[in-house]
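Here the structure is laid out as structure tokens; the discussion comes afterwards.
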Amino acid sequence: MPVMEIRKAGDRVLKEIAAPVEKIDRKIKHLLDDMAETMYAADGVGLAAPQVGASLQLVVIDVGEGIIELINPKIIACEGCEIGSEGCLSVPGMFGEVERYATVTVDALNRAGKMIRVSGSGLLARALQHEIDHLKGILFIELAKTIHKG
């Protein structure tokens, strides 16, 4: 599984609305594997397909509880709000305070094509929202109340 190049802010693909995945085939599964490998190699907790140049609705997340793979994710419920610090592999060295929902529930497909539901709070809720924003062409620096170098 090769480590892929992570696209940086300013790259056009990061501003595109990602296309839904129509068919979960070997190519999509390989892309999920490569995205996970890339995320781990970069010491990230999440990575969306646009960050590696693929404008598709694919997300991988691992906040320390094991890999979560999401295909065509949609936030279906949210509650509360909290402000917390975020960074992004596509905006290296920059951090910002971003207001997010405190808890979220996401429906998505897994690599087997089965509908799954992921609910989380804390870092998981933040990562889910951050990565799903990537699928909408939104970077955290556009939402941050403050930005600083880290």
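Residues in the structure tokens are numbered from 1 in each chain, the chains being A, B, ... in the order shown, and ligands are numbered from 1 in the order shown.
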Mind running region 111-134 of chain A against region 63-73 of chain A at 9 Å and telling me each contacting residue's nearest atom pair with the distance in Å (one decimal), counting only C-alpha atoms, chain and number ascending, as a Markdown table?
| residue | atom | partner | partner_atom | distance |
| --- | --- | --- | --- | --- |
| A:Arg111 | CA | A:Glu69 | CA | 7.2 |
| A:Gly113 | CA | A:Ile71 | CA | 8.4 |
| A:Ile116 | CA | A:Leu70 | CA | 8.4 |
| A:Val118 | CA | A:Ile68 | CA | 8.8 |
| A:Leu123 | CA | A:Val63 | CA | 6.9 |
| A:Leu124 | CA | A:Val63 | CA | 6.3 |
| A:Ala127 | CA | A:Val63 | CA | 8.0 |
| A:Ile132 | CA | A:Pro73 | CA | 7.1 |
Write out, as a compact mmCIF listing (two decimals), in the first residue's frame, the residues just selected, with N, CA and C atoms.
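This went into selection_10.txt:
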# COMPACT_ATOMS: atom_id res chain seq x y z
N ARG A 111 -16.96 -0.78 3.47
CA ARG A 111 -16.34 -1.32 2.25
C ARG A 111 -17.09 -2.53 1.69
N GLY A 113 -20.31 -2.48 1.44
CA GLY A 113 -21.54 -1.94 0.89
C GLY A 113 -22.71 -1.95 1.85
N ILE A 116 -23.83 1.59 7.67
CA ILE A 116 -23.37 1.62 9.06
C ILE A 116 -23.74 2.96 9.66
N VAL A 118 -22.35 5.59 12.70
CA VAL A 118 -21.28 5.92 13.63
C VAL A 118 -21.71 7.14 14.42
N LEU A 123 -13.29 14.06 20.24
CA LEU A 123 -12.43 14.05 19.06
C LEU A 123 -13.08 13.33 17.88
N LEU A 124 -13.81 12.25 18.13
CA LEU A 124 -14.45 11.54 17.02
C LEU A 124 -15.48 12.43 16.34
N ALA A 127 -13.59 14.98 14.28
CA ALA A 127 -12.97 14.38 13.09
C ALA A 127 -14.02 14.07 12.03
N ILE A 132 -15.93 15.25 6.73
CA ILE A 132 -17.10 15.42 5.86
C ILE A 132 -17.08 16.81 5.23
Could you list, with a cut-off of 9 Å and counting only C-alpha atoms, the residues of region 26-77 of chain A near region 85-96 of chain A, each shown with its nearest atom pair and the distance in Å rounded to one decimal, rows sorted by chain and ascending number, as a tab-separated table?
residue	atom	partner	partner_atom	distance
A:Met39	CA	A:Leu89	CA	8.5
A:Ala42	CA	A:Leu89	CA	7.5
A:Asp43	CA	A:Leu89	CA	8.8
A:Gly44	CA	A:Leu89	CA	6.8
A:Gly46	CA	A:Leu89	CA	8.7
A:Leu47	CA	A:Leu89	CA	7.9
A:Gln51	CA	A:Ser90	CA	6.6
Deliver the residues from the most recent selection as a file, using C-alpha atoms, as a PDB file, in the first residue's frame.
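See out.pdb below for the written result:
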ATOM      1  CA  MET A  39      -3.085   9.004   7.257  1.00  0.00           C
ATOM      2  CA  ALA A  42       1.384  11.509   8.396  1.00  0.00           C
ATOM      3  CA  ASP A  43       0.311  11.015  12.058  1.00  0.00           C
ATOM      4  CA  GLY A  44      -3.213  12.158  11.240  1.00  0.00           C
ATOM      5  CA  GLY A  46      -8.552  11.491   9.587  1.00  0.00           C
ATOM      6  CA  LEU A  47      -8.219  11.802   5.840  1.00  0.00           C
ATOM      7  CA  GLN A  51      -6.863  15.287   0.241  1.00  0.00           C
TER       8      GLN A  51
END
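Residues surrounding Glu5 (chain A) within 9 Å are Thr38, Gln51, Val52 and Gly53 of chain A [only C-alpha atoms; sequence separation below 4 positions excluded].
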Can I get the selected residues back with all heavy atoms, as a PDB file, in the first residue's frame?
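In the end it all went to again_36.pdb:
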ATOM      1  N   THR A  38      -1.646   6.368   4.301  1.00  0.00           N
ATOM      2  CA  THR A  38      -1.187   7.755   4.196  1.00  0.00           C
ATOM      3  C   THR A  38      -1.487   8.518   5.483  1.00  0.00           C
ATOM      4  O   THR A  38      -0.639   9.254   5.992  1.00  0.00           O
ATOM      5  CB  THR A  38      -1.853   8.441   2.982  1.00  0.00           C
ATOM      6  OG1 THR A  38      -1.513   7.694   1.796  1.00  0.00           O
ATOM      7  CG2 THR A  38      -1.399   9.878   2.827  1.00  0.00           C
ATOM      8  N   GLN A  51      -8.191  14.946  -0.248  1.00  0.00           N
ATOM      9  CA  GLN A  51      -6.863  15.287   0.241  1.00  0.00           C
ATOM     10  C   GLN A  51      -5.759  14.501  -0.449  1.00  0.00           C
ATOM     11  O   GLN A  51      -4.594  14.884  -0.368  1.00  0.00           O
ATOM     12  CB  GLN A  51      -6.774  15.081   1.748  1.00  0.00           C
ATOM     13  CG  GLN A  51      -7.629  16.052   2.532  1.00  0.00           C
ATOM     14  CD  GLN A  51      -7.494  15.807   4.006  1.00  0.00           C
ATOM     15  OE1 GLN A  51      -8.222  15.005   4.575  1.00  0.00           O
ATOM     16  NE2 GLN A  51      -6.552  16.495   4.633  1.00  0.00           N
ATOM     17  N   VAL A  52      -6.120  13.402  -1.110  1.00  0.00           N
ATOM     18  CA  VAL A  52      -5.134  12.642  -1.880  1.00  0.00           C
ATOM     19  C   VAL A  52      -5.446  12.720  -3.371  1.00  0.00           C
ATOM     20  O   VAL A  52      -5.004  11.889  -4.161  1.00  0.00           O
ATOM     21  CB  VAL A  52      -5.008  11.179  -1.393  1.00  0.00           C
ATOM     22  CG1 VAL A  52      -4.411  11.138   0.008  1.00  0.00           C
ATOM     23  CG2 VAL A  52      -6.331  10.448  -1.444  1.00  0.00           C
ATOM     24  N   GLY A  53      -6.243  13.730  -3.753  1.00  0.00           N
ATOM     25  CA  GLY A  53      -6.487  14.008  -5.160  1.00  0.00           C
ATOM     26  C   GLY A  53      -7.654  13.290  -5.786  1.00  0.00           C
ATOM     27  O   GLY A  53      -7.860  13.396  -6.994  1.00  0.00           O
TER      28      GLY A  53
END
With a distance cut-off of 9 Å and only C-alpha atoms, select the neighbouring residues of Ala77 (chain A), excluding the residue or stretch itself and same-chain residues fewer than 4 positions from it, and output the selection as a PyMOL selection string.
chain A and resi 103-106+119
Prev. selection, C-alpha atoms, output as a PDB file, in the first residue's frame:
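So part06.pdb came out as:
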ATOM      1  CA  THR A 103     -22.025  14.957  19.211  1.00  0.00           C
ATOM      2  CA  VAL A 104     -22.877  13.692  15.753  1.00  0.00           C
ATOM      3  CA  THR A 105     -24.348  10.598  14.158  1.00  0.00           C
ATOM      4  CA  VAL A 106     -23.286   9.656  10.652  1.00  0.00           C
ATOM      5  CA  SER A 119     -22.007   8.168  16.604  1.00  0.00           C
TER       6      SER A 119
END
DSSP on the backbone, then: every residue of region 35-140 of chain A marked helix (DSSP H, G or I), written as a compact mmCIF listing (two decimals) with C-alpha atoms, in the first residue's frame.
# COMPACT_ATOMS: atom_id res chain seq x y z
CA MET A 35 -5.72 6.53 2.40
CA ALA A 36 -5.38 4.76 5.76
CA GLU A 37 -1.68 4.10 5.16
CA THR A 38 -1.19 7.76 4.20
CA MET A 39 -3.09 9.00 7.26
CA TYR A 40 -1.02 6.85 9.62
CA ALA A 41 2.27 7.82 7.93
CA ALA A 49 -10.25 11.30 -0.52
CA PRO A 50 -9.96 14.86 -1.92
CA GLN A 51 -6.86 15.29 0.24
CA VAL A 52 -5.13 12.64 -1.88
CA GLY A 122 -15.23 14.67 21.53
CA LEU A 123 -12.43 14.05 19.06
CA LEU A 124 -14.45 11.54 17.02
CA ALA A 125 -17.30 14.02 16.50
CA ARG A 126 -14.80 16.71 15.51
CA ALA A 127 -12.97 14.38 13.09
CA LEU A 128 -16.22 13.22 11.47
CA GLN A 129 -17.33 16.81 10.84
CA HIS A 130 -13.88 17.94 9.69
CA GLU A 131 -13.53 15.11 7.16
CA ILE A 132 -17.10 15.42 5.86
CA ASP A 133 -16.42 19.14 5.34
CA HIS A 134 -13.56 18.11 3.01
CA LEU A 135 -16.16 16.31 0.87
CA PHE A 140 -11.17 24.20 8.62
Those of region 50-123 of chain A in DSSP strand (DSSP E), formatted as a ChimeraX atom specification:
/A:58-61,68-79,82-88,91-100,103-109,115-121
Could the residues in this selection be written to a file with C-alpha atoms, as a PDB file, in the first residue's frame?
ATOM      1  CA  LEU A  58     -14.530   8.542   1.025  1.00  0.00           C
ATOM      2  CA  VAL A  59     -13.227   9.145   4.549  1.00  0.00           C
ATOM      3  CA  VAL A  60     -10.927   7.245   6.894  1.00  0.00           C
ATOM      4  CA  ILE A  61     -10.679   8.102  10.594  1.00  0.00           C
ATOM      5  CA  ILE A  68     -13.346   3.752  10.548  1.00  0.00           C
ATOM      6  CA  GLU A  69     -13.999   3.749   6.808  1.00  0.00           C
ATOM      7  CA  LEU A  70     -16.945   5.768   5.518  1.00  0.00           C
ATOM      8  CA  ILE A  71     -18.306   5.786   1.994  1.00  0.00           C
ATOM      9  CA  ASN A  72     -20.852   8.494   1.085  1.00  0.00           C
ATOM     10  CA  PRO A  73     -21.130   9.689   4.713  1.00  0.00           C
ATOM     11  CA  LYS A  74     -24.018  11.915   5.801  1.00  0.00           C
ATOM     12  CA  ILE A  75     -24.524  13.561   9.177  1.00  0.00           C
ATOM     13  CA  ILE A  76     -28.039  12.588  10.225  1.00  0.00           C
ATOM     14  CA  ALA A  77     -28.126  13.940  13.789  1.00  0.00           C
ATOM     15  CA  CYS A  78     -26.175  16.481  15.805  1.00  0.00           C
ATOM     16  CA  GLU A  79     -26.363  18.015  19.239  1.00  0.00           C
ATOM     17  CA  GLU A  82     -18.140  23.173  21.463  1.00  0.00           C
ATOM     18  CA  ILE A  83     -15.105  25.076  20.333  1.00  0.00           C
ATOM     19  CA  GLY A  84     -11.864  23.160  19.962  1.00  0.00           C
ATOM     20  CA  SER A  85      -8.483  23.258  18.286  1.00  0.00           C
ATOM     21  CA  GLU A  86      -8.072  21.680  14.863  1.00  0.00           C
ATOM     22  CA  GLY A  87      -5.287  21.134  12.415  1.00  0.00           C
ATOM     23  CA  CYS A  88      -5.273  19.533   8.984  1.00  0.00           C
ATOM     24  CA  VAL A  91      -2.796  22.888   5.975  1.00  0.00           C
ATOM     25  CA  PRO A  92       0.457  21.864   7.686  1.00  0.00           C
ATOM     26  CA  GLY A  93       1.651  23.885  10.646  1.00  0.00           C
ATOM     27  CA  MET A  94      -1.595  25.809  11.091  1.00  0.00           C
ATOM     28  CA  PHE A  95      -4.162  25.368  13.854  1.00  0.00           C
ATOM     29  CA  GLY A  96      -7.414  27.091  14.640  1.00  0.00           C
ATOM     30  CA  GLU A  97     -10.307  27.197  17.037  1.00  0.00           C
ATOM     31  CA  VAL A  98     -13.396  25.805  15.294  1.00  0.00           C
ATOM     32  CA  GLU A  99     -16.959  25.565  16.585  1.00  0.00           C
ATOM     33  CA  ARG A 100     -18.438  22.125  15.930  1.00  0.00           C
ATOM     34  CA  THR A 103     -22.025  14.957  19.211  1.00  0.00           C
ATOM     35  CA  VAL A 104     -22.877  13.692  15.753  1.00  0.00           C
ATOM     36  CA  THR A 105     -24.348  10.598  14.158  1.00  0.00           C
ATOM     37  CA  VAL A 106     -23.286   9.656  10.652  1.00  0.00           C
ATOM     38  CA  ASP A 107     -24.764   7.133   8.238  1.00  0.00           C
ATOM     39  CA  ALA A 108     -22.449   5.729   5.561  1.00  0.00           C
ATOM     40  CA  LEU A 109     -21.587   2.590   3.660  1.00  0.00           C
ATOM     41  CA  MET A 115     -25.089   0.761   5.787  1.00  0.00           C
ATOM     42  CA  ILE A 116     -23.374   1.616   9.057  1.00  0.00           C
ATOM     43  CA  ARG A 117     -24.071   4.230  11.688  1.00  0.00           C
ATOM     44  CA  VAL A 118     -21.275   5.919  13.635  1.00  0.00           C
ATOM     45  CA  SER A 119     -22.007   8.168  16.604  1.00  0.00           C
ATOM     46  CA  GLY A 120     -19.409  10.088  18.501  1.00  0.00           C
ATOM     47  CA  SER A 121     -18.509  12.963  20.724  1.00  0.00           C
TER      48      SER A 121
END
